[in-house]
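What follows is the content of structure28.csv (CSV, C-alpha atoms).
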chain,number,residue,atom,x,y,z
A,196,MET,CA,0.0,0.0,0.0
A,197,SER,CA,1.4,3.4,-1.0
A,198,ALA,CA,2.0,6.1,1.6
A,199,ILE,CA,-1.0,8.1,0.4
A,200,ALA,CA,-3.2,5.0,0.5
A,201,GLU,CA,-2.1,4.4,4.0
A,202,GLU,CA,-2.9,8.0,4.9
A,203,ILE,CA,-6.4,7.5,3.4
A,204,ARG,CA,-6.8,4.3,5.3
A,205,GLU,CA,-6.0,5.9,8.6
A,206,ALA,CA,-8.2,9.0,7.9
A,207,TYR,CA,-11.2,6.8,7.2
A,208,ALA,CA,-10.6,4.3,9.9
A,209,ALA,CA,-11.1,7.2,12.4
A,210,VAL,CA,-14.7,7.6,11.3
A,211,GLY,CA,-15.7,4.0,10.9
A,212,ILE,CA,-15.0,3.4,7.2
A,213,THR,CA,-12.6,0.8,5.8
A,214,LEU,CA,-10.4,1.3,2.8
A,215,ASP,CA,-10.9,-1.9,0.8
A,216,GLN,CA,-8.3,-3.5,-1.5
A,217,PRO,CA,-7.5,-1.7,-4.7
A,218,ALA,CA,-10.6,-2.0,-6.9
A,219,THR,CA,-9.2,-1.3,-10.4
A,220,PHE,CA,-5.6,-1.6,-11.5
A,221,GLY,CA,-4.3,-0.3,-8.1
A,222,THR,CA,-5.5,3.3,-8.5
A,223,TYR,CA,-9.0,3.4,-6.9
A,224,TYR,CA,-10.2,1.9,-3.7
A,225,ARG,CA,-13.7,1.1,-2.4
A,226,LEU,CA,-14.8,2.7,0.9
A,227,LEU,CA,-16.7,0.2,3.0
A,228,CYS,CA,-18.8,0.6,6.1
A,229,ASP,CA,-17.0,-0.8,9.1
A,230,GLY,CA,-20.3,-1.7,10.7
A,231,CYS,CA,-22.1,-3.6,8.0
A,232,GLY,CA,-19.6,-3.9,5.1
A,233,ARG,CA,-21.8,-2.0,2.6
A,234,MET,CA,-20.0,0.0,-0.1
A,235,LEU,CA,-20.1,3.7,0.6
A,236,GLY,CA,-18.0,5.2,-2.1
A,237,GLN,CA,-14.7,5.4,-3.9
A,238,VAL,CA,-11.4,7.2,-3.5
A,239,GLY,CA,-8.2,7.3,-5.6
A,240,ASP,CA,-4.6,7.1,-4.4
A,241,LYS,CA,-3.4,10.3,-6.0
A,242,LEU,CA,-4.6,12.7,-3.3
A,243,LEU,CA,-2.0,15.1,-2.2
A,244,PRO,CA,-0.2,14.5,1.2
A,245,GLY,CA,-2.4,15.4,4.1
A,246,MET,CA,-5.5,15.8,2.0
A,247,ALA,CA,-7.3,12.7,3.1
A,248,ALA,CA,-7.1,13.6,6.8
A,249,GLU,CA,-8.2,17.2,6.0
A,250,ILE,CA,-11.2,16.1,4.0
A,251,VAL,CA,-12.4,13.5,6.4
A,252,GLY,CA,-11.8,15.8,9.4
A,253,ARG,CA,-14.0,18.5,7.8
A,254,GLN,CA,-16.7,15.9,7.1
A,255,ARG,CA,-17.1,14.7,10.7
A,256,ASP,CA,-20.2,16.7,11.5
A,257,LEU,CA,-21.7,15.4,8.2
A,258,TYR,CA,-21.2,11.8,9.5
A,259,ALA,CA,-22.7,12.9,12.9
A,260,SER,CA,-25.8,14.3,11.3
A,261,GLY,CA,-26.2,11.4,8.9
A,262,LEU,CA,-25.7,13.5,5.8
A,263,LEU,CA,-22.7,11.2,5.0
A,264,GLY,CA,-22.1,7.6,6.1
A,265,CYS,CA,-24.0,4.4,6.0
A,266,ALA,CA,-27.7,4.0,6.4
A,267,CYS,CA,-26.9,1.5,9.2
A,268,GLY,CA,-25.8,4.5,11.3
A,269,HIS,CA,-22.3,3.2,12.2
A,270,GLN,CA,-20.4,6.4,11.3
A,271,ARG,CA,-23.0,8.5,13.1
A,272,ARG,CA,-22.7,6.4,16.3
A,273,MET,CA,-18.9,6.6,16.0
A,274,GLN,CA,-19.1,10.4,16.1
A,275,GLU,CA,-21.3,10.2,19.3
A,276,LYS,CA,-18.6,8.3,21.2
A,277,PRO,CA,-16.3,10.5,23.3
A,278,ALA,CA,-12.8,10.8,21.8
B,275,MET,CA,-22.6,0.4,-42.3
B,276,SER,CA,-19.2,1.7,-41.1
B,277,GLU,CA,-17.9,1.3,-37.5
B,278,MET,CA,-18.8,4.9,-36.7
B,279,ASP,CA,-22.2,4.6,-38.2
B,280,THR,CA,-22.9,1.6,-36.0
B,281,ILE,CA,-22.0,3.7,-33.0
B,282,LEU,CA,-24.0,6.7,-34.1
B,283,ASP,CA,-27.0,4.4,-34.7
B,284,ALA,CA,-26.7,3.0,-31.2
B,285,GLU,CA,-26.5,6.5,-29.8
B,286,GLU,CA,-29.6,7.5,-31.7
B,287,ARG,CA,-31.5,4.6,-30.2
B,288,GLY,CA,-30.3,5.6,-26.7
B,289,ARG,CA,-31.9,9.0,-26.8
B,290,THR,CA,-34.5,9.9,-24.2
B,291,GLY,CA,-36.2,13.1,-23.1
B,292,LEU,CA,-33.1,13.8,-21.1
B,293,TRP,CA,-30.2,12.0,-22.8
B,294,PRO,CA,-28.1,13.3,-24.4
B,295,PHE,CA,-27.9,16.4,-22.1
B,296,TRP,CA,-26.0,18.5,-24.6
B,297,ARG,CA,-29.0,18.5,-27.1
B,298,LYS,CA,-31.0,21.2,-25.2
B,299,LEU,CA,-28.0,23.3,-24.4
B,300,TYR,CA,-26.7,23.6,-28.0
B,301,ALA,CA,-30.3,24.1,-29.3
B,302,GLN,CA,-30.2,27.4,-27.3
B,303,GLY,CA,-27.0,28.6,-29.0
B,304,ASP,CA,-23.3,28.1,-28.1
B,305,PRO,CA,-23.3,27.2,-24.4
B,306,LEU,CA,-19.6,27.9,-23.9
B,307,PRO,CA,-18.1,31.3,-23.5
B,308,ALA,CA,-16.3,32.9,-26.4
B,309,PHE,CA,-12.6,32.1,-26.5
B,310,PRO,CA,-10.2,34.8,-27.7
B,311,ALA,CA,-9.6,34.6,-31.4
B,312,PRO,CA,-6.6,32.4,-32.1
B,313,ALA,CA,-3.5,33.7,-33.7
B,314,ALA,CA,-3.0,32.8,-37.4
B,315,ARG,CA,-2.1,29.2,-37.6
B,316,ALA,CA,1.7,28.7,-38.3
B,317,TYR,CA,1.7,24.9,-38.2
B,318,ARG,CA,-0.6,22.1,-39.4
B,319,PHE,CA,0.2,18.4,-39.1
B,320,ASP,CA,-1.8,15.4,-40.2
B,321,GLU,CA,-1.5,11.8,-39.2
B,322,ASP,CA,1.3,10.7,-41.4
B,323,ASP,CA,3.3,13.9,-41.4
B,324,PRO,CA,6.7,13.9,-39.7
B,325,LEU,CA,6.4,15.8,-36.4
B,326,PRO,CA,9.0,18.0,-34.8
B,327,GLU,CA,10.4,16.4,-31.7
B,328,GLU,CA,9.2,19.0,-29.3
B,329,TYR,CA,5.8,19.1,-31.0
B,330,LYS,CA,5.3,15.4,-30.6
B,331,SER,CA,6.5,15.4,-27.0
B,332,LEU,CA,4.0,18.2,-26.1
B,333,LEU,CA,1.1,16.5,-28.0
B,334,LEU,CA,1.8,13.2,-26.2
B,335,ARG,CA,1.9,15.0,-22.9
B,336,MET,CA,-1.5,16.6,-23.6
B,337,LEU,CA,-2.9,13.2,-24.5
B,338,ARG,CA,-1.5,11.6,-21.4
B,339,HIS,CA,-3.4,14.1,-19.3
B,340,GLU,CA,-6.6,13.6,-21.3
B,341,GLY,CA,-6.4,9.9,-20.7
B,342,GLU,CA,-9.5,8.6,-22.5
B,343,ARG,CA,-7.9,5.8,-24.4
B,344,ALA,CA,-9.1,2.2,-24.8
B,345,GLY,CA,-5.5,1.0,-24.0
B,346,ASN,CA,-5.2,3.0,-20.8
B,347,LYS,CA,-6.1,0.7,-18.0
B,348,SER,CA,-6.4,3.5,-15.6
B,349,PHE,CA,-9.1,5.1,-17.7
B,350,LEU,CA,-11.0,1.9,-17.7
B,351,GLY,CA,-10.5,1.7,-13.9
B,352,LEU,CA,-12.0,5.2,-13.6
B,353,MET,CA,-15.0,4.1,-15.6
B,354,ALA,CA,-15.4,1.0,-13.3
B,355,THR,CA,-15.6,3.4,-10.3
B,356,CYS,CA,-18.5,5.2,-12.1
B,357,LEU,CA,-20.3,1.9,-12.6
B,358,ASP,CA,-19.6,0.9,-9.0
B,359,LEU,CA,-21.0,4.2,-7.7
B,360,ALA,CA,-24.0,4.0,-9.9
B,361,GLU,CA,-24.8,0.5,-8.5
B,362,ALA,CA,-24.2,1.5,-4.9
B,363,LEU,CA,-25.6,5.0,-4.7
B,364,PHE,CA,-28.1,5.6,-7.5
B,365,PRO,CA,-31.2,7.5,-6.2
B,366,ASP,CA,-33.6,6.0,-8.8
B,367,ARG,CA,-33.5,3.7,-11.8
B,368,GLU,CA,-33.5,6.5,-14.4
B,369,SER,CA,-30.3,7.9,-12.8
B,370,LYS,CA,-28.7,4.5,-13.0
B,371,LEU,CA,-29.6,4.2,-16.7
B,372,ILE,CA,-28.3,7.8,-17.4
B,373,LYS,CA,-25.0,6.8,-15.8
B,374,ALA,CA,-24.8,3.7,-18.1
B,375,GLU,CA,-25.3,6.1,-21.1
B,376,TYR,CA,-22.5,8.2,-19.8
B,377,VAL,CA,-20.1,5.3,-19.5
B,378,ALA,CA,-21.0,4.2,-23.0
B,379,GLU,CA,-20.3,7.6,-24.4
B,380,GLU,CA,-16.9,7.8,-22.6
B,381,LEU,CA,-16.0,4.5,-24.1
B,382,LYS,CA,-16.8,5.9,-27.5
B,383,HIS,CA,-14.2,8.6,-26.8
B,384,ALA,CA,-11.8,5.9,-25.7
B,385,ILE,CA,-12.1,4.3,-29.2
B,386,MET,CA,-11.7,7.7,-30.9
B,387,PHE,CA,-8.6,8.6,-28.8
B,388,HIS,CA,-7.2,5.1,-29.4
B,389,ARG,CA,-7.3,5.6,-33.1
B,390,LEU,CA,-5.6,8.9,-32.7
B,391,ALA,CA,-2.9,7.4,-30.4
B,392,VAL,CA,-2.2,4.6,-32.9
B,393,GLY,CA,-1.7,7.2,-35.7
B,394,LEU,CA,0.7,9.1,-33.5
B,395,GLU,CA,2.8,6.5,-31.7
B,396,ARG,CA,1.8,2.9,-31.6
B,397,ASP,CA,3.5,2.2,-28.2
B,398,PHE,CA,1.5,5.0,-26.7
B,399,ALA,CA,-1.8,3.3,-27.5
B,400,LEU,CA,-1.2,0.7,-24.8
B,401,ARG,CA,0.4,2.8,-22.2
B,402,ASP,CA,-1.2,2.9,-18.8
B,403,VAL,CA,-1.3,6.5,-17.5
B,404,PRO,CA,-3.0,6.9,-14.2
B,405,TYR,CA,-4.8,10.2,-13.8
B,406,ALA,CA,-2.2,12.4,-12.0
B,407,HIS,CA,-4.4,15.3,-10.8
B,408,TYR,CA,-6.0,14.9,-7.4
B,409,SER,CA,-9.4,16.0,-8.6
B,410,PHE,CA,-9.8,12.5,-10.3
B,411,HIS,CA,-9.1,10.9,-6.9
B,412,LEU,CA,-11.2,12.9,-4.5
B,413,PRO,CA,-13.5,10.7,-2.4
B,414,ARG,CA,-17.0,10.2,-3.8
B,415,GLU,CA,-19.2,9.1,-0.9
B,416,THR,CA,-22.6,10.3,-2.1
B,417,TRP,CA,-24.5,10.9,-5.3
B,418,ALA,CA,-23.8,14.6,-4.7
B,419,ASP,CA,-20.0,13.9,-4.8
B,420,ASP,CA,-20.5,12.0,-8.0
B,421,ALA,CA,-22.6,14.8,-9.5
B,422,TYR,CA,-20.0,17.4,-8.7
B,423,PHE,CA,-17.3,15.1,-10.2
B,424,HIS,CA,-19.2,15.2,-13.5
B,425,PHE,CA,-20.3,18.8,-13.4
B,426,PHE,CA,-16.8,20.0,-12.8
B,427,VAL,CA,-14.4,17.4,-14.2
B,428,ASP,CA,-16.2,16.7,-17.5
B,429,LEU,CA,-16.7,20.4,-18.0
B,430,ASN,CA,-12.9,20.8,-17.9
B,431,GLY,CA,-12.8,18.3,-20.7
B,432,ALA,CA,-15.4,20.4,-22.7
B,433,PHE,CA,-13.4,23.6,-22.3
B,434,HIS,CA,-10.2,21.9,-23.5
B,435,SER,CA,-12.0,20.3,-26.4
B,436,ARG,CA,-13.3,23.7,-27.4
B,437,ASP,CA,-9.7,24.8,-27.6
B,438,TRP,CA,-8.8,21.7,-29.7
B,439,ARG,CA,-11.1,22.8,-32.4
B,440,GLU,CA,-8.3,25.1,-33.4
B,441,SER,CA,-5.5,22.5,-32.9
B,442,SER,CA,-2.7,22.3,-35.3
B,443,TYR,CA,-2.9,18.5,-35.1
B,444,VAL,CA,-5.6,17.8,-37.6
B,445,PRO,CA,-6.8,14.4,-36.2
B,446,LEU,CA,-7.4,16.1,-32.8
B,447,ALA,CA,-9.2,19.1,-34.4
B,448,LYS,CA,-11.5,16.8,-36.3
B,449,MET,CA,-12.8,15.0,-33.1
B,450,ALA,CA,-12.9,18.1,-30.9
B,451,THR,CA,-16.4,19.2,-31.7
B,452,THR,CA,-17.9,15.7,-30.8
B,453,VAL,CA,-15.8,15.4,-27.6
B,454,GLU,CA,-16.7,19.0,-26.5
B,455,ARG,CA,-20.4,18.4,-27.1
B,456,ASP,CA,-20.4,15.0,-25.2
B,457,GLU,CA,-18.3,16.3,-22.3
B,458,LEU,CA,-20.6,19.3,-21.9
B,459,GLY,CA,-23.5,16.9,-21.8
B,460,HIS,CA,-21.8,14.9,-19.1
B,461,SER,CA,-21.3,18.0,-17.1
B,462,GLU,CA,-24.9,18.9,-17.6
B,463,MET,CA,-25.8,15.4,-16.4
B,464,GLY,CA,-24.0,16.1,-13.1
B,465,TYR,CA,-25.8,19.4,-12.9
B,466,HIS,CA,-29.1,17.7,-13.5
B,467,PHE,CA,-28.4,15.5,-10.5
B,468,LEU,CA,-27.3,18.5,-8.4
B,469,GLN,CA,-30.6,20.3,-9.3
B,470,GLN,CA,-32.5,17.3,-7.9
B,471,ILE,CA,-30.3,17.1,-4.8
B,472,CYS,CA,-30.6,20.9,-4.1
B,473,SER,CA,-34.4,20.8,-4.4
B,474,GLU,CA,-34.8,19.8,-0.8
B,475,PRO,CA,-33.1,21.5,2.3
B,476,ARG,CA,-30.9,18.6,3.5
B,477,GLY,CA,-29.7,18.0,0.0
B,478,ARG,CA,-28.8,21.6,-0.5
B,479,GLU,CA,-27.0,21.7,2.9
B,480,LEU,CA,-24.9,18.7,1.8
B,481,ALA,CA,-24.2,20.2,-1.6
B,482,GLN,CA,-23.0,23.4,-0.1
B,483,ARG,CA,-20.6,21.6,2.2
B,484,LEU,CA,-19.3,19.3,-0.5
B,485,LEU,CA,-18.8,22.3,-2.9
B,486,ALA,CA,-15.9,23.4,-0.6
B,487,LYS,CA,-14.1,20.2,-1.5
B,488,TRP,CA,-14.8,20.2,-5.3
B,489,TYR,CA,-14.6,23.9,-6.2
B,490,PRO,CA,-10.9,24.4,-5.5
B,491,ALA,CA,-10.1,21.1,-7.2
B,492,ALA,CA,-12.0,22.2,-10.3
B,493,LEU,CA,-10.1,25.5,-10.5
B,494,ASP,CA,-6.8,23.7,-9.8
B,495,MET,CA,-7.4,21.4,-12.8
B,496,PHE,CA,-6.2,24.0,-15.2
B,497,GLY,CA,-2.7,24.0,-13.8
B,498,ARG,CA,-0.5,26.8,-12.7
B,499,SER,CA,-1.1,30.2,-14.3
B,500,ASP,CA,2.7,30.6,-14.8
B,501,SER,CA,3.3,27.2,-16.3
B,502,PRO,CA,6.5,27.4,-18.4
B,503,ASN,CA,5.1,24.9,-21.0
B,504,VAL,CA,2.0,27.0,-21.9
B,505,PRO,CA,3.9,29.3,-24.3
B,506,LYS,CA,5.3,26.2,-26.1
B,507,PHE,CA,1.9,24.7,-26.5
B,508,ILE,CA,0.5,28.0,-27.9
B,509,GLY,CA,3.6,28.5,-30.1
B,510,TRP,CA,3.0,25.1,-31.8
B,511,GLY,CA,-0.7,25.6,-32.1
B,512,LEU,CA,-1.6,22.9,-29.7
B,513,LYS,CA,-3.4,25.4,-27.5
B,514,THR,CA,-4.7,28.9,-28.1
B,515,ILE,CA,-5.2,30.0,-24.6
B,516,GLY,CA,-3.2,30.1,-21.4
B,517,ASN,CA,-4.1,28.3,-18.1
B,518,ALA,CA,-5.2,31.5,-16.3
B,519,GLU,CA,-7.4,32.7,-19.1
B,520,ILE,CA,-9.2,29.4,-19.7
B,521,ARG,CA,-9.6,29.0,-15.9
B,522,GLU,CA,-11.2,32.4,-15.8
B,523,LEU,CA,-13.7,31.6,-18.5
B,524,TYR,CA,-14.5,28.3,-16.8
B,525,LYS,CA,-14.9,30.0,-13.4
B,526,GLY,CA,-17.4,32.4,-14.9
B,527,TYR,CA,-19.4,29.5,-16.4
B,528,VAL,CA,-19.5,27.4,-13.2
B,529,ASP,CA,-20.1,30.4,-10.9
B,530,ARG,CA,-23.3,31.2,-12.7
B,531,LYS,CA,-24.5,27.6,-12.6
B,532,ILE,CA,-23.6,27.3,-8.8
B,533,ALA,CA,-25.5,30.5,-8.0
B,534,ALA,CA,-28.5,29.2,-10.0
B,535,LEU,CA,-28.6,26.2,-7.7
B,536,GLY,CA,-29.1,28.5,-4.7
B,537,LEU,CA,-25.6,27.8,-3.4
B,538,ASP,CA,-22.9,30.3,-2.3
B,539,VAL,CA,-19.9,30.3,-4.6
B,540,PRO,CA,-16.7,29.6,-2.5
B,541,ASP,CA,-13.8,32.0,-2.3
B,542,GLU,CA,-11.7,31.2,-5.4
B,543,ARG,CA,-8.4,31.3,-3.4
B,544,ARG,CA,-9.5,29.0,-0.6
B,545,ASP,CA,-7.8,25.6,-0.5
B,546,ARG,CA,-6.2,26.1,-3.9
B,547,LYS,CA,-3.1,24.0,-4.5
B,548,PHE,CA,-2.1,25.3,-8.0
B,549,LEU,CA,-2.5,29.1,-8.5
Before we go any further, please render this structure as structure tokens.
Amino acid sequence: MSAIAEEIREAYAAVGITLDQPATFGTYYRLLCDGCGRMLGQVGDKLLPGMAAEIVGRQRDLYASGLLGCACGHQRRMQEKPA
Amino acid sequence: MSEMDTILDAEERGRTGLWPFWRKLYAQGDPLPAFPAPAARAYRFDEDDPLPEEYKSLLLRMLRHEGERAGNKSFLGLMATCLDLAEALFPDRESKLIKAEYVAEELKHAIMFHRLAVGLERDFALRDVPYAHYSFHLPRETWADDAYFHFFVDLNGAFHSRDWRESSYVPLAKMATTVERDELGHSEMGYHFLQQICSEPRGRELAQRLLAKWYPAALDMFGRSDSPNVPKFIGWGLKTIGNAEIRELYKGYVDRKIAALGLDVPDERRDRKFL
């Protein structure tokens, strides 16, 4: 896994989302719900350094409000837990 | 029936009230802003002409960025993500079918650019070139993300294709009108989905927040305003317009469309990586 992919994995793990194996020729990865395994989206591995953490960090309230994240509510519940 | 006629026939049969999205736009006149008149053309090269080394190098560089080639595994990978998202996130069956039409049309471009690549340098036709710009890699976690991807990224393709109408490389100039029209339609497809999303308050709230992620990336796609390669591209007739100028025209276009959605246009300098 590239350094950027590792950054992406860490950033999403913090909100309850798993970075799956490379989906297509090593460039794009599926994002899976940690709670139920459902596919939530896609991300590529050519983000700039630090970008993944910044994007996910800014979206935390969207996971908390249910505007982002899985219908099963896993990411929302993750945001309710004390850090 | 020729290969292209077969494709055109298939396209005709795929038409619906919505698809292709470019049809309504062009029926109202030229939807894109006027580009500055190009300088008199000093060069003109066709497929079998010997190409100056620098010219060929710049042309290949441009085509590497463009990426829509049948032999480019990374392009096919990007298309696979679109299908994956359509399967996982589609809001209704019509949207899913529209996305299938989109992928079909991009694959048509992949055939067109494949032919161009073979005519230019055979080895290039099979070269895998992952998309280097971060905008192609931003996370898409909702249908709204995907809609922004198409609205902004495909529109970038339409603007560059408009410029290629004047290209000194004849095979590229010949396909430019079709690619421009299709890419503008893809952008309008994204905009159609954004209109649906913004029609209710929670959707509009999400769209406003996600815009902060996509808007700087969209403006960054045109590269640095002081790129040292731009004068070379213009000198050889491979471009007619600099990065700053085309970005400004693009910005004017998207800003009007964003405002029409009832969204606030972000500060153009915020979170930019390539000024």
>> I need the chain A residues near chain B as a PyMOL selection string; criterion: at most 12 Å, counting all atoms listed in the file.
In response: chain A and resi 199-200+203+206-207+212+214+217-228+233-244+246-258+260-266
> What lies within 10 Å of B:Val504 using all atoms listed in the file, ignoring chain neighbours under 3 positions off, as a list in words?
Replying inline: Leu332, Gly497, Arg498, Ser499, Asp500, Ser501, Phe507, Ile508, Gly509, Leu512, Lys513, Thr514, Ile515, Gly516 and Asn517 of chain B
>> Would you pick out the contacts of stretch 322-329 of chain B at 12 Å or less, using all atoms listed in the file, so that residues sharing its chain but fewer than 5 positions from it are not included, and give the list as a PyMOL selection string?
In response: chain B and resi 317+334-336+390+392-395+441-445+503+506-513
With C-alpha atoms retained, write the just-selected residues as a PDB file, keeping the file's coordinate frame.
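To be explicit, this is the file written out as out-v3.pdb:
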ATOM      1  CA  TYR B 317       1.700  24.900 -38.200  1.00  0.00           C
ATOM      2  CA  LEU B 334       1.800  13.200 -26.200  1.00  0.00           C
ATOM      3  CA  ARG B 335       1.900  15.000 -22.900  1.00  0.00           C
ATOM      4  CA  MET B 336      -1.500  16.600 -23.600  1.00  0.00           C
ATOM      5  CA  LEU B 390      -5.600   8.900 -32.700  1.00  0.00           C
ATOM      6  CA  VAL B 392      -2.200   4.600 -32.900  1.00  0.00           C
ATOM      7  CA  GLY B 393      -1.700   7.200 -35.700  1.00  0.00           C
ATOM      8  CA  LEU B 394       0.700   9.100 -33.500  1.00  0.00           C
ATOM      9  CA  GLU B 395       2.800   6.500 -31.700  1.00  0.00           C
ATOM     10  CA  SER B 441      -5.500  22.500 -32.900  1.00  0.00           C
ATOM     11  CA  SER B 442      -2.700  22.300 -35.300  1.00  0.00           C
ATOM     12  CA  TYR B 443      -2.900  18.500 -35.100  1.00  0.00           C
ATOM     13  CA  VAL B 444      -5.600  17.800 -37.600  1.00  0.00           C
ATOM     14  CA  PRO B 445      -6.800  14.400 -36.200  1.00  0.00           C
ATOM     15  CA  ASN B 503       5.100  24.900 -21.000  1.00  0.00           C
ATOM     16  CA  LYS B 506       5.300  26.200 -26.100  1.00  0.00           C
ATOM     17  CA  PHE B 507       1.900  24.700 -26.500  1.00  0.00           C
ATOM     18  CA  ILE B 508       0.500  28.000 -27.900  1.00  0.00           C
ATOM     19  CA  GLY B 509       3.600  28.500 -30.100  1.00  0.00           C
ATOM     20  CA  TRP B 510       3.000  25.100 -31.800  1.00  0.00           C
ATOM     21  CA  GLY B 511      -0.700  25.600 -32.100  1.00  0.00           C
ATOM     22  CA  LEU B 512      -1.600  22.900 -29.700  1.00  0.00           C
ATOM     23  CA  LYS B 513      -3.400  25.400 -27.500  1.00  0.00           C
TER      24      LYS B 513
END
> So how far away is atom CA of B:Ile281 from atom CA of B:Phe425, in Å?
Replying inline: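 These two atoms are separated by 24.8 Å.
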> Could you work out how far atom CA of B:Ala374 lies from atom CA of B:Tyr527, giving the answer in Å with one decimal?
Replying inline: 26.4 Å
> To one decimal place, how far is atom CA of B:Cys472 from atom CA of B:Gly536 in Å?
Replying inline: 7.8 Å
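Residues lying at most 8 Å from (-0.6, 1.6, -20.9) in file coordinates, with only C-alpha atoms considered, are B:Gly345, B:Asn346, B:Lys347, B:Phe398, B:Ala399, B:Leu400, B:Arg401, B:Asp402, B:Val403.
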> Within 9 Å of B:Ile520, counting only C-alpha atoms, which residues qualify if same-chain residues fewer than 3 places away don't, as a list in words?
Replying inline: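 Answer for this query is Phe309, Phe433, His434, Phe496, Ile515, Gly516, Asn517, Leu523, Tyr524 and Lys525 of chain B.
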Dump as a short mmCIF file (atom, residue, chain, number, x, y, z; two decimals) with C-alpha atoms, keeping the file's coordinate frame all residues having an atom at most 12 Å from (-23.9, 24.9, -25.9), computed in the file's coordinates with only C-alpha atoms.
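Listing of selection-v1.cif after writing:
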data_model
loop_
_atom_site.label_atom_id
_atom_site.label_comp_id
_atom_site.auth_asym_id
_atom_site.auth_seq_id
_atom_site.Cartn_x
_atom_site.Cartn_y
_atom_site.Cartn_z
CA PHE B 295 -27.90 16.40 -22.10
CA TRP B 296 -26.00 18.50 -24.60
CA ARG B 297 -29.00 18.50 -27.10
CA LYS B 298 -31.00 21.20 -25.20
CA LEU B 299 -28.00 23.30 -24.40
CA TYR B 300 -26.70 23.60 -28.00
CA ALA B 301 -30.30 24.10 -29.30
CA GLN B 302 -30.20 27.40 -27.30
CA GLY B 303 -27.00 28.60 -29.00
CA ASP B 304 -23.30 28.10 -28.10
CA PRO B 305 -23.30 27.20 -24.40
CA LEU B 306 -19.60 27.90 -23.90
CA PRO B 307 -18.10 31.30 -23.50
CA ALA B 308 -16.30 32.90 -26.40
CA LEU B 429 -16.70 20.40 -18.00
CA ALA B 432 -15.40 20.40 -22.70
CA PHE B 433 -13.40 23.60 -22.30
CA ARG B 436 -13.30 23.70 -27.40
CA THR B 451 -16.40 19.20 -31.70
CA GLU B 454 -16.70 19.00 -26.50
CA ARG B 455 -20.40 18.40 -27.10
CA ASP B 456 -20.40 15.00 -25.20
CA GLU B 457 -18.30 16.30 -22.30
CA LEU B 458 -20.60 19.30 -21.90
CA GLY B 459 -23.50 16.90 -21.80
CA SER B 461 -21.30 18.00 -17.10
CA GLU B 462 -24.90 18.90 -17.60
CA TYR B 527 -19.40 29.50 -16.40
#
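Of the listed residues (A:Gly230, A:Arg204, A:Met196, A:Gln216), A:Gly230 comes nearest to A:Gln270; the distances count only C-alpha atoms.
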